[in-house]
Structures are given as C-alpha cells and as structure tokens.
>>> print(open('start-v5.cif').read())   # mmCIF, C-alpha atoms
data_run
loop_
_atom_site.group_PDB
_atom_site.id
_atom_site.type_symbol
_atom_site.label_atom_id
_atom_site.label_comp_id
_atom_site.auth_asym_id
_atom_site.auth_seq_id
_atom_site.Cartn_x
_atom_site.Cartn_y
_atom_site.Cartn_z
ATOM 1 C CA MET X 815 0.741 84.727 50.364
ATOM 2 C CA ALA X 816 -2.161 83.985 48.004
ATOM 3 C CA ASP X 817 -4.682 85.083 50.618
ATOM 4 C CA TYR X 818 -2.690 88.255 51.223
ATOM 5 C CA LEU X 819 -2.732 89.130 47.520
ATOM 6 C CA LEU X 820 -6.498 88.794 47.394
ATOM 7 C CA LYS X 821 -7.147 90.505 50.715
ATOM 8 C CA TYR X 822 -5.015 93.532 49.882
ATOM 9 C CA ASN X 823 -5.596 93.667 46.137
ATOM 10 C CA GLN X 824 -6.884 97.263 46.252
ATOM 11 C CA ASP X 825 -3.759 98.428 48.094
ATOM 12 C CA ILE X 826 -1.610 96.540 45.604
ATOM 13 C CA LEU X 827 -3.470 98.128 42.686
ATOM 14 C CA LYS X 828 -2.982 101.621 44.144
ATOM 15 C CA ALA X 829 0.754 101.001 44.588
ATOM 16 C CA ASN X 830 0.919 99.590 41.070
ATOM 17 C CA GLN X 831 -0.636 102.777 39.696
ATOM 18 C CA ILE X 832 2.138 104.773 41.367
ATOM 19 C CA ASP X 833 4.717 102.450 39.776
ATOM 20 C CA LEU X 834 3.086 102.888 36.363
ATOM 21 C CA ASN X 835 3.029 106.675 36.714
ATOM 22 C CA ASN X 836 6.714 106.692 37.680
ATOM 23 C CA ALA X 837 7.539 104.466 34.730
ATOM 24 C CA LEU X 838 5.698 106.813 32.364
ATOM 25 C CA GLU X 839 7.494 109.837 33.785
ATOM 26 C CA ASN X 840 10.826 108.071 33.295
ATOM 27 C CA GLY X 841 10.120 107.302 29.649
ATOM 28 C CA THR X 842 9.505 103.586 29.956
ATOM 29 C CA ALA X 843 8.363 102.089 26.654
ATOM 30 C CA LYS X 844 4.649 101.371 26.404
ATOM 31 C CA THR X 845 5.370 97.719 25.665
ATOM 32 C CA MET X 846 7.063 97.460 29.049
ATOM 33 C CA LEU X 847 4.173 99.177 30.806
ATOM 34 C CA ASN X 848 1.922 96.229 30.023
ATOM 35 C CA ARG X 849 4.308 94.009 31.966
ATOM 36 C CA LEU X 850 4.016 96.316 34.954
ATOM 37 C CA LEU X 851 0.244 96.663 34.785
ATOM 38 C CA LEU X 852 -1.707 94.783 37.411
ATOM 39 C CA ASN X 853 -5.460 94.370 37.538
ATOM 40 C CA GLU X 854 -7.778 92.249 39.643
ATOM 41 C CA ASN X 855 -7.593 89.368 37.164
ATOM 42 C CA ARG X 856 -3.789 89.313 37.151
ATOM 43 C CA ILE X 857 -3.669 89.388 40.931
ATOM 44 C CA GLU X 858 -6.133 86.507 41.097
ATOM 45 C CA GLU X 859 -4.010 84.560 38.597
ATOM 46 C CA MET X 860 -0.912 85.164 40.736
ATOM 47 C CA ALA X 861 -2.764 83.909 43.814
ATOM 48 C CA ASN X 862 -3.908 80.812 41.941
ATOM 49 C CA GLY X 863 -0.366 80.173 40.736
ATOM 50 C CA LEU X 864 0.940 80.394 44.291
ATOM 51 C CA ARG X 865 -1.680 77.922 45.450
ATOM 52 C CA GLN X 866 -0.705 75.506 42.679
ATOM 53 C CA VAL X 867 2.944 75.679 43.690
ATOM 54 C CA ALA X 868 2.042 75.228 47.367
ATOM 55 C CA ILE X 869 0.391 71.843 46.704
ATOM 56 C CA LEU X 870 3.323 70.429 44.751
ATOM 57 C CA PRO X 871 5.136 67.616 46.532
ATOM 58 C CA ASP X 872 8.402 68.486 48.221
ATOM 59 C CA LEU X 873 11.051 66.740 46.141
ATOM 60 C CA LEU X 874 13.651 67.105 48.879
ATOM 61 C CA VAL X 875 11.731 64.984 51.376
ATOM 62 C CA LYS X 876 13.063 61.425 51.404
#
>>> encode(input="start-v5.cif", output="structure tokens")
Amino acid sequence: MADYLLKYNQDILKANQIDLNNALENGTAKTMLNRLLLNENRIEEMANGLRQVAILPDLLVK
C-alpha cells in the first residue's frame, strides 16, 4: 500500500483536487478543506505511517 501511494501520488493528487473543488462548490468550510488537502509531503507521511504499522509485531500470534 505504501509503495502504491508513492508510485501513484500524481494520480492521487489529481483526484484530490477534484474532491477539493467539489467540496468548495458544496460550501465546505475552509477549515475542513485543509483536512482534505493532500500534497506530496502528506502522501509520503501516510506511506511512512503504513510502513511503521506493517513492522509492528502481530499481537494475535501465540
């Protein structure tokens, strides 16, 4: 998943712009728009977060 985010980050950013435009057209508050906004740094942070979770030990394994 992390690799996918990085590989397709430009496609994700284009789709995110469409989401932001739709939110603006629908009167979404500007404070909420920041939560929707993706950029290359945020995508990289998401990928890093996924990698950190992936290396956690499985607590269900006995």
>>> closest_residue(input="start-v5.cif", among="X:Leu874, X:Met815, X:Leu838, X:Ile826", to="Ala861 of chain X", atoms="only C-alpha atoms")
X:Met815
>>> atom_distance(input="start-v5.cif", atom1="atom CA of Met860 of chain X", atom2="atom CA of Leu847 of chain X")
17.9 Å
>>> atom_distance(input="start-v5.cif", atom1="atom CA of Asn853 of chain X", atom2="atom CA of Leu827 of chain X")
6.7 Å
>>> resolve_selection(input="start-v5.cif", expression="the PyMOL selection byres ((chain X and resi 817) around 10)", output="PyMOL selection string")
chain X and resi 815-816+818-823+858+861-862+864-865
>>> atom_distance(input="start-v5.cif", atom1="atom CA of Leu852 of chain X", atom2="atom CA of Gln831 of chain X")
8.4 Å
>>> closest_residue(input="start-v5.cif", among="X:Ala868, X:Leu851, X:Leu873, X:Met846", to="Ala829 of chain X", atoms="only C-alpha atoms")
X:Leu851
